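S.K.: What follows is data.txt, compact mmCIF, C-alpha atoms.
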# COMPACT_ATOMS: atom_id res chain seq x y z
CA MET A 17 0.56 -1.85 -0.43
CA GLU A 18 -2.10 0.04 -2.27
CA THR A 19 -3.37 -1.28 -5.60
CA VAL A 20 -5.36 0.42 -8.30
CA ALA A 21 -7.78 -0.55 -11.02
CA PRO A 22 -6.67 0.93 -14.31
CA LYS A 23 -8.84 2.43 -17.01
CA GLY A 24 -11.70 0.07 -17.76
CA CYS A 25 -11.30 -1.59 -14.35
CA ASP A 26 -9.15 -4.42 -15.75
CA THR A 27 -6.67 -5.03 -12.96
CA LEU A 28 -2.99 -4.68 -13.84
CA VAL A 29 -0.39 -6.59 -11.85
CA GLY A 30 1.76 -4.05 -10.06
CA ALA A 31 -0.24 -1.10 -11.38
CA PRO A 32 1.39 2.20 -10.34
CA ALA A 33 -0.25 3.78 -7.30
CA ALA A 34 -1.60 7.32 -7.64
CA ILE A 35 -2.73 7.50 -4.00
CA ALA A 36 -1.09 6.20 -0.85
CA ALA A 37 -2.07 6.19 2.82
CA GLY A 38 0.52 6.05 5.57
CA TYR A 39 0.35 5.90 9.32
CA ARG A 40 -1.14 9.38 9.68
CA HIS A 41 -0.69 10.99 6.27
CA THR A 42 -2.03 10.73 2.72
CA VAL A 43 -0.22 11.19 -0.58
CA GLY A 44 -1.61 11.92 -4.04
CA LEU A 45 0.10 11.84 -7.43
CA LYS A 46 -1.12 14.52 -9.82
CA SER A 47 -1.48 14.01 -13.54
CA ASP A 48 1.41 16.43 -14.16
CA GLY A 49 3.84 14.26 -12.21
CA THR A 50 3.89 16.39 -9.08
CA VAL A 51 2.82 15.15 -5.66
CA THR A 52 0.66 16.50 -2.84
CA ALA A 53 0.39 15.30 0.76
CA VAL A 54 -1.59 16.06 3.92
CA GLY A 55 -1.44 14.89 7.50
CA ASP A 56 1.24 14.34 10.10
CA ASN A 57 4.54 15.89 8.98
CA LYS A 58 6.64 15.40 12.11
CA TYR A 59 9.46 13.78 10.17
CA GLY A 60 8.96 15.63 6.88
CA GLN A 61 6.98 12.81 5.30
CA CYS A 62 4.74 15.37 3.58
CA ASP A 63 7.62 17.43 2.15
CA VAL A 64 6.97 16.40 -1.43
CA SER A 65 6.19 19.77 -3.01
CA GLY A 66 9.48 19.79 -4.92
CA TRP A 67 9.03 16.37 -6.50
CA ARG A 68 8.71 16.19 -10.29
CA ASP A 69 8.29 13.46 -12.92
CA ILE A 70 6.77 11.03 -10.40
CA VAL A 71 4.85 8.02 -11.75
CA ALA A 72 3.92 6.20 -8.50
CA VAL A 73 3.83 6.88 -4.76
CA ALA A 74 3.97 4.79 -1.60
CA ALA A 75 3.60 5.65 2.07
CA GLY A 76 5.02 3.83 5.07
CA ASN A 77 2.18 2.37 7.07
CA ALA A 78 2.20 0.93 10.56
CA HIS A 79 -0.08 0.06 13.40
CA THR A 80 2.01 2.46 15.44
CA GLY A 81 5.10 4.53 14.84
CA ASN A 82 6.36 7.07 12.34
CA SER A 83 6.29 7.20 8.58
CA HIS A 84 8.01 8.00 5.31
CA THR A 85 6.97 8.64 1.70
CA ILE A 86 8.38 7.16 -1.48
CA GLY A 87 8.11 8.45 -5.04
CA LEU A 88 9.01 6.49 -8.15
CA LYS A 89 10.36 8.72 -10.94
CA SER A 90 9.82 8.25 -14.66
CA ASP A 91 13.51 7.46 -15.14
CA GLY A 92 13.39 4.51 -12.73
CA THR A 93 15.03 6.27 -9.82
CA VAL A 94 13.38 6.81 -6.44
CA ALA A 95 12.82 9.76 -4.08
CA ALA A 96 12.19 9.48 -0.35
CA VAL A 97 11.33 11.79 2.53
CA GLY A 98 10.41 11.25 6.16
CA TRP A 99 11.52 9.09 9.05
CA ASN A 100 14.88 7.48 8.29
CA LYS A 101 16.03 5.95 11.58
CA HIS A 102 16.54 2.57 9.94
CA ASP A 103 17.83 3.90 6.58
CA GLN A 104 14.48 3.23 4.94
CA CYS A 105 14.90 6.41 2.88
CA ASP A 106 18.36 5.50 1.56
CA VAL A 107 17.21 4.83 -1.99
CA SER A 108 19.25 7.40 -3.91
CA GLY A 109 21.32 4.69 -5.56
CA TRP A 110 18.40 2.67 -6.85
CA ARG A 111 18.02 2.34 -10.64
CA ASP A 112 15.66 0.59 -13.07
CA ILE A 113 12.81 0.53 -10.52
CA VAL A 114 9.29 -0.07 -11.86
CA ALA A 115 7.27 -0.31 -8.61
CA VAL A 116 7.71 0.66 -4.96
CA ALA A 117 6.21 -0.34 -1.62
CA ALA A 118 6.70 1.14 1.82
CA GLY A 119 6.27 -0.73 5.08
CA TRP A 120 7.05 0.12 8.67
CA ARG A 121 10.74 1.18 8.74
CA ARG A 122 11.29 -0.34 5.29
CA THR A 123 11.19 0.40 1.56
CA VAL A 124 10.94 -2.17 -1.22
CA GLY A 125 11.63 -1.67 -4.91
CA LEU A 126 10.79 -3.90 -7.85
CA LYS A 127 13.31 -3.73 -10.68
CA SER A 128 12.62 -4.02 -14.40
CA ASP A 129 14.34 -7.43 -14.51
CA GLY A 130 11.94 -8.90 -11.92
CA THR A 131 14.38 -8.77 -9.02
CA VAL A 132 13.73 -6.89 -5.77
CA VAL A 133 15.71 -4.56 -3.52
CA ALA A 134 14.92 -3.50 0.04
CA VAL A 135 16.34 -1.14 2.66
CA GLY A 136 15.47 -0.52 6.28
CA ARG A 137 14.87 -2.58 9.39
CA ASN A 138 15.61 -6.26 8.86
CA ASN A 139 15.34 -7.73 12.36
CA GLU A 140 12.74 -10.26 11.18
CA GLY A 141 14.29 -10.90 7.76
CA GLN A 142 11.74 -8.74 5.96
CA CYS A 143 14.45 -7.30 3.69
CA ASN A 144 15.82 -10.70 2.63
CA VAL A 145 14.59 -10.43 -0.94
CA SER A 146 17.86 -10.53 -2.87
CA GLY A 147 17.15 -14.03 -4.15
CA TRP A 148 13.71 -13.26 -5.53
CA ARG A 149 13.22 -13.63 -9.30
CA ASP A 150 10.39 -13.14 -11.81
CA ILE A 151 8.52 -10.80 -9.44
CA ALA A 152 5.63 -8.77 -10.88
CA ALA A 153 4.42 -6.89 -7.77
CA VAL A 154 5.52 -6.25 -4.19
CA ALA A 155 3.81 -5.37 -0.92
CA ALA A 156 5.23 -4.37 2.46
CA GLY A 157 3.55 -4.95 5.79
CA ASP A 158 4.90 -4.07 9.20
CA TRP A 159 7.20 -7.05 9.62
CA HIS A 160 6.80 -9.00 6.38
CA THR A 161 7.32 -8.49 2.67
CA VAL A 162 5.31 -10.19 -0.06
CA GLY A 163 6.18 -10.72 -3.70
CA LEU A 164 3.84 -11.76 -6.49
CA THR A 165 5.59 -13.82 -9.16
CA SER A 166 4.82 -13.61 -12.86
CA ASP A 167 3.07 -17.01 -12.74
CA GLY A 168 0.55 -15.85 -10.12
CA THR A 169 2.14 -17.50 -7.11
CA VAL A 170 3.35 -15.62 -4.04
CA THR A 171 6.59 -15.55 -2.08
CA PHE A 172 7.42 -13.89 1.23
CA ALA A 173 10.10 -12.80 3.67
CA GLY A 174 9.93 -11.81 7.32
CA ASN A 175 7.85 -12.49 10.39
CA ASN A 176 5.16 -15.19 10.20
CA ARG A 177 4.04 -15.32 13.81
CA TYR A 178 0.37 -14.92 12.94
CA GLY A 179 0.39 -16.86 9.67
CA GLN A 180 0.59 -13.69 7.58
CA CYS A 181 3.10 -15.44 5.31
CA ASN A 182 1.08 -18.62 4.74
CA VAL A 183 0.70 -17.91 1.04
CA SER A 184 2.62 -20.82 -0.48
CA ASP A 185 -0.57 -22.43 -1.81
CA TRP A 186 -1.95 -19.27 -3.45
CA ARG A 187 -2.44 -19.47 -7.21
CA ASP A 188 -3.79 -17.26 -10.00
CA MET A 189 -3.14 -14.06 -8.07
CA MET A 190 -3.30 -10.70 -9.84
CA THR A 191 -1.96 -8.52 -7.04
CA VAL A 192 -1.17 -8.54 -3.32
CA ALA A 193 -1.43 -6.20 -0.34
CA ALA A 194 0.08 -6.37 3.14
CA GLY A 195 -1.18 -4.92 6.43
CA TYR A 196 0.17 -4.95 9.96
CA LEU A 197 -0.14 -8.71 10.47
CA HIS A 198 -2.17 -9.89 7.50
CA THR A 199 -1.75 -10.45 3.77
CA VAL A 200 -4.38 -10.12 1.05
CA GLY A 201 -4.38 -11.46 -2.50
CA LEU A 202 -6.67 -10.67 -5.42
CA LYS A 203 -7.37 -13.63 -7.68
CA SER A 204 -7.91 -13.50 -11.42
CA ASP A 205 -11.58 -14.46 -10.96
CA GLY A 206 -12.28 -11.38 -8.81
CA THR A 207 -12.32 -13.20 -5.48
CA VAL A 208 -9.97 -12.42 -2.61
CA ALA A 209 -7.87 -14.48 -0.21
CA ALA A 210 -6.45 -13.35 3.13
CA VAL A 211 -4.22 -14.88 5.80
CA GLY A 212 -2.82 -13.73 9.12
CA TRP A 213 -4.11 -12.10 12.26
CA ASN A 214 -7.90 -11.80 12.13
CA LYS A 215 -8.83 -10.40 15.52
CA ARG A 216 -10.55 -7.42 13.83
CA ASN A 217 -12.09 -9.60 11.07
CA GLN A 218 -9.73 -8.01 8.56
CA CYS A 219 -9.37 -11.38 6.80
CA ASP A 220 -13.10 -12.02 6.36
CA VAL A 221 -13.09 -11.58 2.58
CA SER A 222 -14.20 -15.03 1.42
CA GLY A 223 -17.58 -13.73 0.27
CA TRP A 224 -16.23 -10.93 -1.89
CA ARG A 225 -16.88 -11.09 -5.63
CA GLY A 226 -16.19 -8.84 -8.60
CA ILE A 227 -13.15 -7.23 -6.97
CA VAL A 228 -10.64 -5.41 -9.22
CA ALA A 229 -8.27 -3.87 -6.64
CA ILE A 230 -7.38 -4.31 -2.97
CA ALA A 231 -5.71 -2.39 -0.16
CA ALA A 232 -4.63 -3.48 3.31
CA GLY A 233 -4.55 -1.11 6.27
CA SER A 234 -3.13 -1.94 9.65
CA ASN A 235 -6.26 -3.79 10.77
CA HIS A 236 -8.71 -3.44 7.90
CA THR A 237 -9.01 -4.55 4.27
CA ILE A 238 -10.53 -2.67 1.34
CA GLY A 239 -11.81 -4.10 -1.94
CA LEU A 240 -12.70 -2.08 -5.04
CA LYS A 241 -15.53 -3.61 -7.04
CA SER A 242 -15.89 -3.59 -10.81
CA ASP A 243 -18.91 -1.27 -10.54
CA GLY A 244 -16.89 1.42 -8.76
CA THR A 245 -18.23 0.72 -5.28
CA VAL A 246 -16.10 -0.41 -2.35
CA ALA A 247 -16.19 -3.22 0.22
CA ALA A 248 -14.49 -3.13 3.62
CA VAL A 249 -13.87 -5.44 6.56
CA GLY A 250 -11.95 -5.07 9.78
CA TRP A 251 -11.37 -2.42 12.41
CA ASN A 252 -13.89 0.40 12.14
CA GLU A 253 -13.42 2.42 15.31
CA HIS A 254 -12.98 5.64 13.33
CA GLY A 255 -15.89 5.08 10.95
CA HIS A 256 -14.64 3.70 7.64
CA ASN A 257 -18.08 4.20 6.12
CA ILE A 258 -17.55 3.65 2.41
CA SER A 259 -21.04 2.33 1.61
CA GLY A 260 -21.96 5.51 -0.26
CA TRP A 261 -18.85 5.71 -2.39
CA ARG A 262 -19.36 5.59 -6.15
CA ASP A 263 -17.20 5.94 -9.28
CA ILE A 264 -14.07 4.84 -7.41
CA VAL A 265 -11.08 3.77 -9.55
CA ALA A 266 -8.38 3.24 -6.89
CA VAL A 267 -8.19 2.65 -3.14
CA ALA A 268 -5.59 3.00 -0.40
CA ALA A 269 -5.64 2.08 3.28
CA GLY A 270 -3.61 3.64 6.07
CA CYS A 271 -3.34 2.84 9.72
CA ALA A 272 -6.87 3.97 10.54
CA HIS A 273 -8.13 5.77 7.43
CA THR A 274 -9.22 4.84 3.91
CA ILE A 275 -8.77 6.76 0.66
CA GLY A 276 -10.64 6.48 -2.62
CA LEU A 277 -9.76 8.03 -5.98
CA LYS A 278 -12.78 8.92 -8.12
CA SER A 279 -13.03 8.79 -11.89
CA ASP A 280 -13.03 12.60 -12.09
CA GLY A 281 -9.63 12.87 -10.38
CA THR A 282 -10.97 13.92 -6.99
CA VAL A 283 -10.38 12.03 -3.76
CA VAL A 284 -12.58 10.93 -0.85
CA ALA A 285 -11.46 9.83 2.60
CA VAL A 286 -12.94 8.38 5.79
CA GLY A 287 -11.56 7.36 9.15
CA ASP A 288 -9.18 8.89 11.65
CA ASN A 289 -8.52 12.54 10.81
CA GLN A 290 -6.66 13.65 13.93
CA TYR A 291 -3.74 14.93 11.87
CA GLY A 292 -5.71 16.10 8.84
CA GLN A 293 -4.89 12.96 6.86
CA CYS A 294 -8.42 12.91 5.46
CA ASP A 295 -8.42 16.56 4.35
CA VAL A 296 -8.39 15.73 0.65
CA SER A 297 -11.69 17.25 -0.48
CA GLY A 298 -9.87 20.04 -2.29
CA TRP A 299 -7.63 17.75 -4.30
CA ARG A 300 -8.07 17.87 -8.07
CA GLY A 301 -6.28 16.34 -11.04
CA ILE A 302 -5.03 13.23 -9.28
CA GLN A 303 -3.66 10.82 -11.87
CA LEU A 304 -6.17 8.21 -12.98
CA PRO A 305 -5.11 4.55 -13.35
CA GLY A 306 -4.05 3.55 -16.83
CA TYR A 307 -2.84 7.01 -17.85
Can you give me the file's structure in the form of structure tokens?

M.R.:
Amino acid sequence: METVAPKGCDTLVGAPAAIAAGYRHTVGLKSDGTVTAVGDNKYGQCDVSGWRDIVAVAAGNAHTGNSHTIGLKSDGTVAAVGWNKHDQCDVSGWRDIVAVAAGWRRTVGLKSDGTVVAVGRNNEGQCNVSGWRDIAAVAAGDWHTVGLTSDGTVTFAGNNRYGQCNVSDWRDMMTVAAGYLHTVGLKSDGTVAAVGWNKRNQCDVSGWRGIVAIAAGSNHTIGLKSDGTVAAVGWNEHGHNISGWRDIVAVAAGCAHTIGLKSDGTVVAVGDNQYGQCDVSGWRGIQLPGY
């Protein structure tokens, strides 16, 4: 799940996402409520040109596989395009949704009453969220789903083979993000916690300070700092060089690429660009957090 730092860089729990990074595509929400997308479109996951009145976007992310795109509308309904083999795009009946997350073969929606709905693959129990209550934010990894409660604790559903769901002792969390096999949480003091598979050092965030937003890719983790710069750990085979980024107000992480939204509404991207998923230099007027 991608998280954003709203205007003034004061993190909002469950802040709507204006940018999203999927397996091999990137999505941007414009300030007029329309949506743009670039990258792999094999399953129509970039067919968002007709969308209107969108207030948040999400993109299915995976370490491998296909993808879909989700758009939250201003009236609390949800739009979906892309790969639908496991019914992950069957969201037409959803109502009163205030936040969305997209995992591998799965879509999760947070309702205005703090309950959660999910559709898609459920082989590992990752859609078993019907009993959740008082949820303030949701994140979807490949095989696990994470929910942040209103009291700053965290709940989970799904596969825990690599300890990616060992979050029962987390406290004072402001938001959460989920990657392939790891989970990341941003604390109210600007520090970050991470659990799960760490073969690529994607969980090495204990030294981070002054973080206001986080994003989890398949095997890397991104942190947005209060000064508008960005930190990153994990897999870097495709060159996630974000050391020169400035004036960033939101971040998103895909399978092997990283996206940053700048304060002027433009977008920067680094990483794998085999399918044009980083071709965002021409984007303008992307919605800024807090607006």

S.K.: Which of these, A:Val208, A:Ile275, A:Val192, A:Ile238, has the shortest distance to A:Trp224 once you count all atoms listed in the file?

M.R.: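 Once distances to A:Trp224 are computed over all atoms listed in the file, the minimum belongs to A:Val208.
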
S.K.: Mind listing whatever residues come within 10 Å of the point (-15.6, 9.2, 9.2)? Use all atoms listed in the file, file coordinates, and give them as a PyMOL selection string.

M.R.: chain A and resi 252-258+273-274+285-289+294

S.K.: When you draw a straight line from atom CA of A:Thr169 to atom CA of A:Arg225, how long is it in Å?

M.R.: 20.1 Å

S.K.: Do you know which residues are at most 9 Å from A:Val94 counting all atoms listed in the file, after dropping those on the same chain fewer than 2 positions away, and could you put them as a ChimeraX atom specification?

M.R.: /A:70,86-89,91-92,96,107-111,113,116,125

S.K.: Taking (1.2, -22.6, -2.4) in the file's own coordinates, collect the residues within 12 Å, counting only C-alpha atoms, and hand them back as a ChimeraX atom specification.

M.R.: /A:164-165,167-172,181-189

S.K.: Point out the residue among A:Thr282, A:Thr50, A:Thr42, A:Ser83 with the least atom-to-atom distance to A:Trp67, counting all atoms listed in the file.

M.R.: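 Among A:Thr282, A:Thr50, A:Thr42, A:Ser83, it is A:Thr50 that comes nearest to A:Trp67.
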
S.K.: To one decimal place, how far is atom CA of A:Ala33 from atom CA of A:Ala118 in Å?

M.R.: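 Going from atom CA of A:Ala33 over to atom CA of A:Ala118 covers 11.8 Å.
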
S.K.: If we count all atoms listed in the file, what is near A:Lys215 at a cut-off of 9 Å, once residues fewer than 2 positions away on the same chain are taken out, given as a PDB file with C-alpha atoms, in the frame of the given file?

M.R.:
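Below you can see result.pdb, which holds the result:
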ATOM      1  CA  TRP A 213      -4.110 -12.100  12.260  1.00  0.00           C
ATOM      2  CA  ASN A 217     -12.090  -9.600  11.070  1.00  0.00           C
ATOM      3  CA  GLN A 218      -9.730  -8.010   8.560  1.00  0.00           C
ATOM      4  CA  CYS A 219      -9.370 -11.380   6.800  1.00  0.00           C
ATOM      5  CA  ASN A 235      -6.260  -3.790  10.770  1.00  0.00           C
ATOM      6  CA  GLY A 250     -11.950  -5.070   9.780  1.00  0.00           C
ATOM      7  CA  TRP A 251     -11.370  -2.420  12.410  1.00  0.00           C
TER       8      TRP A 251
END

S.K.: Quick one, how far is atom CA of A:Arg40 from atom CA of A:Leu197?

M.R.: 18.1 Å

S.K.: So which one's closest to A:Ala210, A:Gly239, A:Gly298, A:Gly98, A:Gly66? Using only C-alpha atoms, please.

M.R.: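 Checking each of A:Gly239, A:Gly298, A:Gly98, A:Gly66 against A:Ala210, counting only C-alpha atoms, the winner is A:Gly239.
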
S.K.: A:Ala75: which residues within 12 Å, counting all atoms listed in the file, same-chain residues fewer than 4 positions away excluded, as a compact mmCIF listing (two decimals) with C-alpha atoms, in the coordinates of the input?

M.R.:
# COMPACT_ATOMS: atom_id res chain seq x y z
CA MET A 17 0.56 -1.85 -0.43
CA GLU A 18 -2.10 0.04 -2.27
CA ALA A 33 -0.25 3.78 -7.30
CA ALA A 34 -1.60 7.32 -7.64
CA ILE A 35 -2.73 7.50 -4.00
CA ALA A 36 -1.09 6.20 -0.85
CA ALA A 37 -2.07 6.19 2.82
CA GLY A 38 0.52 6.05 5.57
CA TYR A 39 0.35 5.90 9.32
CA ARG A 40 -1.14 9.38 9.68
CA HIS A 41 -0.69 10.99 6.27
CA THR A 42 -2.03 10.73 2.72
CA VAL A 43 -0.22 11.19 -0.58
CA GLY A 44 -1.61 11.92 -4.04
CA LEU A 45 0.10 11.84 -7.43
CA ALA A 53 0.39 15.30 0.76
CA VAL A 54 -1.59 16.06 3.92
CA GLY A 55 -1.44 14.89 7.50
CA GLN A 61 6.98 12.81 5.30
CA CYS A 62 4.74 15.37 3.58
CA VAL A 64 6.97 16.40 -1.43
CA ASN A 82 6.36 7.07 12.34
CA SER A 83 6.29 7.20 8.58
CA HIS A 84 8.01 8.00 5.31
CA THR A 85 6.97 8.64 1.70
CA ILE A 86 8.38 7.16 -1.48
CA GLY A 87 8.11 8.45 -5.04
CA LEU A 88 9.01 6.49 -8.15
CA ALA A 95 12.82 9.76 -4.08
CA ALA A 96 12.19 9.48 -0.35
CA VAL A 97 11.33 11.79 2.53
CA GLY A 98 10.41 11.25 6.16
CA TRP A 99 11.52 9.09 9.05
CA GLN A 104 14.48 3.23 4.94
CA CYS A 105 14.90 6.41 2.88
CA VAL A 116 7.71 0.66 -4.96
CA ALA A 117 6.21 -0.34 -1.62
CA ALA A 118 6.70 1.14 1.82
CA GLY A 119 6.27 -0.73 5.08
CA TRP A 120 7.05 0.12 8.67
CA ARG A 121 10.74 1.18 8.74
CA ARG A 122 11.29 -0.34 5.29
CA THR A 123 11.19 0.40 1.56
CA VAL A 124 10.94 -2.17 -1.22
CA ALA A 155 3.81 -5.37 -0.92
CA ALA A 156 5.23 -4.37 2.46
CA GLY A 157 3.55 -4.95 5.79
CA GLY A 233 -4.55 -1.11 6.27
CA ALA A 268 -5.59 3.00 -0.40
CA ALA A 269 -5.64 2.08 3.28
CA GLY A 270 -3.61 3.64 6.07
CA CYS A 271 -3.34 2.84 9.72

S.K.: Nearest to A:Ile227 among A:Ser47, A:Thr207, A:Asn57, A:Ser128, with distances taken over all atoms listed in the file: which residue is it?

M.R.: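 Closest residue, counting all atoms listed in the file: A:Thr207.
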
S.K.: Could you check which of A:Gly163, A:Gly179, A:Gly301, A:Gly174 is closest to A:Glu140, using only C-alpha atoms?

M.R.: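 Checking each of A:Gly163, A:Gly179, A:Gly301, A:Gly174 against A:Glu140, counting only C-alpha atoms, the winner is A:Gly174.
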
S.K.: To box stretch 259-265 of chain A, take all atoms listed in the file, fit an axis-aligned box, add 4 Å on each side, and give centre and edge lengths in Å to one decimal, as JSON.

M.R.:
{"center_x": -16.5, "center_y": 4.1, "center_z": -4.0, "size_x": 18.9, "size_y": 11.6, "size_z": 19.2}

S.K.: Any idea what's packed within 8 Å of A:Leu240, counting only C-alpha atoms, ignoring anything in its chain fewer than 2 positions away? Could you give it as a ChimeraX atom specification?

M.R.: /A:21,227-230,238,242,244-247,264-267

S.K.: Return stretch 154-174 of chain A, completed with N, CA and C atoms, as a PDB file, in the frame of the given file.

M.R.:
ATOM      1  N   VAL A 154       5.038  -6.115  -5.558  1.00  0.00           N
ATOM      2  CA  VAL A 154       5.520  -6.250  -4.190  1.00  0.00           C
ATOM      3  C   VAL A 154       4.594  -5.519  -3.225  1.00  0.00           C
ATOM      4  N   ALA A 155       4.576  -5.998  -1.984  1.00  0.00           N
ATOM      5  CA  ALA A 155       3.810  -5.370  -0.920  1.00  0.00           C
ATOM      6  C   ALA A 155       4.615  -5.440   0.366  1.00  0.00           C
ATOM      7  N   ALA A 156       4.470  -4.426   1.211  1.00  0.00           N
ATOM      8  CA  ALA A 156       5.230  -4.370   2.460  1.00  0.00           C
ATOM      9  C   ALA A 156       4.303  -4.141   3.630  1.00  0.00           C
ATOM     10  N   GLY A 157       4.289  -5.100   4.557  1.00  0.00           N
ATOM     11  CA  GLY A 157       3.550  -4.950   5.790  1.00  0.00           C
ATOM     12  C   GLY A 157       4.449  -4.393   6.878  1.00  0.00           C
ATOM     13  N   ASP A 158       4.055  -4.546   8.113  1.00  0.00           N
ATOM     14  CA  ASP A 158       4.900  -4.070   9.200  1.00  0.00           C
ATOM     15  C   ASP A 158       6.183  -4.872   9.299  1.00  0.00           C
ATOM     16  N   TRP A 159       6.058  -6.193   9.380  1.00  0.00           N
ATOM     17  CA  TRP A 159       7.200  -7.050   9.620  1.00  0.00           C
ATOM     18  C   TRP A 159       7.373  -8.124   8.544  1.00  0.00           C
ATOM     19  N   HIS A 160       6.662  -8.019   7.449  1.00  0.00           N
ATOM     20  CA  HIS A 160       6.800  -9.000   6.380  1.00  0.00           C
ATOM     21  C   HIS A 160       6.697  -8.335   5.016  1.00  0.00           C
ATOM     22  N   THR A 161       7.323  -8.969   4.043  1.00  0.00           N
ATOM     23  CA  THR A 161       7.320  -8.490   2.670  1.00  0.00           C
ATOM     24  C   THR A 161       6.788  -9.595   1.777  1.00  0.00           C
ATOM     25  N   VAL A 162       5.963  -9.219   0.818  1.00  0.00           N
ATOM     26  CA  VAL A 162       5.310 -10.190  -0.060  1.00  0.00           C
ATOM     27  C   VAL A 162       5.638  -9.859  -1.507  1.00  0.00           C
ATOM     28  N   GLY A 163       5.918 -10.897  -2.280  1.00  0.00           N
ATOM     29  CA  GLY A 163       6.180 -10.720  -3.700  1.00  0.00           C
ATOM     30  C   GLY A 163       5.277 -11.608  -4.535  1.00  0.00           C
ATOM     31  N   LEU A 164       4.667 -11.022  -5.545  1.00  0.00           N
ATOM     32  CA  LEU A 164       3.840 -11.760  -6.490  1.00  0.00           C
ATOM     33  C   LEU A 164       4.691 -12.128  -7.700  1.00  0.00           C
ATOM     34  N   THR A 165       4.788 -13.395  -8.021  1.00  0.00           N
ATOM     35  CA  THR A 165       5.590 -13.820  -9.160  1.00  0.00           C
ATOM     36  C   THR A 165       4.773 -13.727 -10.455  1.00  0.00           C
ATOM     37  N   SER A 166       5.483 -13.773 -11.567  1.00  0.00           N
ATOM     38  CA  SER A 166       4.820 -13.610 -12.860  1.00  0.00           C
ATOM     39  C   SER A 166       3.862 -14.752 -13.183  1.00  0.00           C
ATOM     40  N   ASP A 167       3.990 -15.895 -12.487  1.00  0.00           N
ATOM     41  CA  ASP A 167       3.070 -17.010 -12.740  1.00  0.00           C
ATOM     42  C   ASP A 167       1.872 -17.023 -11.803  1.00  0.00           C
ATOM     43  N   GLY A 168       1.709 -15.961 -10.993  1.00  0.00           N
ATOM     44  CA  GLY A 168       0.550 -15.850 -10.120  1.00  0.00           C
ATOM     45  C   GLY A 168       0.698 -16.483  -8.769  1.00  0.00           C
ATOM     46  N   THR A 169       1.881 -17.000  -8.461  1.00  0.00           N
ATOM     47  CA  THR A 169       2.140 -17.500  -7.110  1.00  0.00           C
ATOM     48  C   THR A 169       2.761 -16.400  -6.268  1.00  0.00           C
ATOM     49  N   VAL A 170       2.929 -16.670  -4.974  1.00  0.00           N
ATOM     50  CA  VAL A 170       3.350 -15.620  -4.040  1.00  0.00           C
ATOM     51  C   VAL A 170       4.504 -16.122  -3.179  1.00  0.00           C
ATOM     52  N   THR A 171       5.473 -15.252  -2.955  1.00  0.00           N
ATOM     53  CA  THR A 171       6.590 -15.550  -2.080  1.00  0.00           C
ATOM     54  C   THR A 171       6.629 -14.528  -0.954  1.00  0.00           C
ATOM     55  N   PHE A 172       7.443 -14.769   0.064  1.00  0.00           N
ATOM     56  CA  PHE A 172       7.420 -13.890   1.230  1.00  0.00           C
ATOM     57  C   PHE A 172       8.776 -13.875   1.927  1.00  0.00           C
ATOM     58  N   ALA A 173       8.953 -12.879   2.782  1.00  0.00           N
ATOM     59  CA  ALA A 173      10.100 -12.800   3.670  1.00  0.00           C
ATOM     60  C   ALA A 173       9.652 -12.097   4.949  1.00  0.00           C
ATOM     61  N   GLY A 174      10.226 -12.502   6.072  1.00  0.00           N
ATOM     62  CA  GLY A 174       9.930 -11.810   7.320  1.00  0.00           C
ATOM     63  C   GLY A 174       9.147 -12.624   8.327  1.00  0.00           C
TER      64      GLY A 174
END
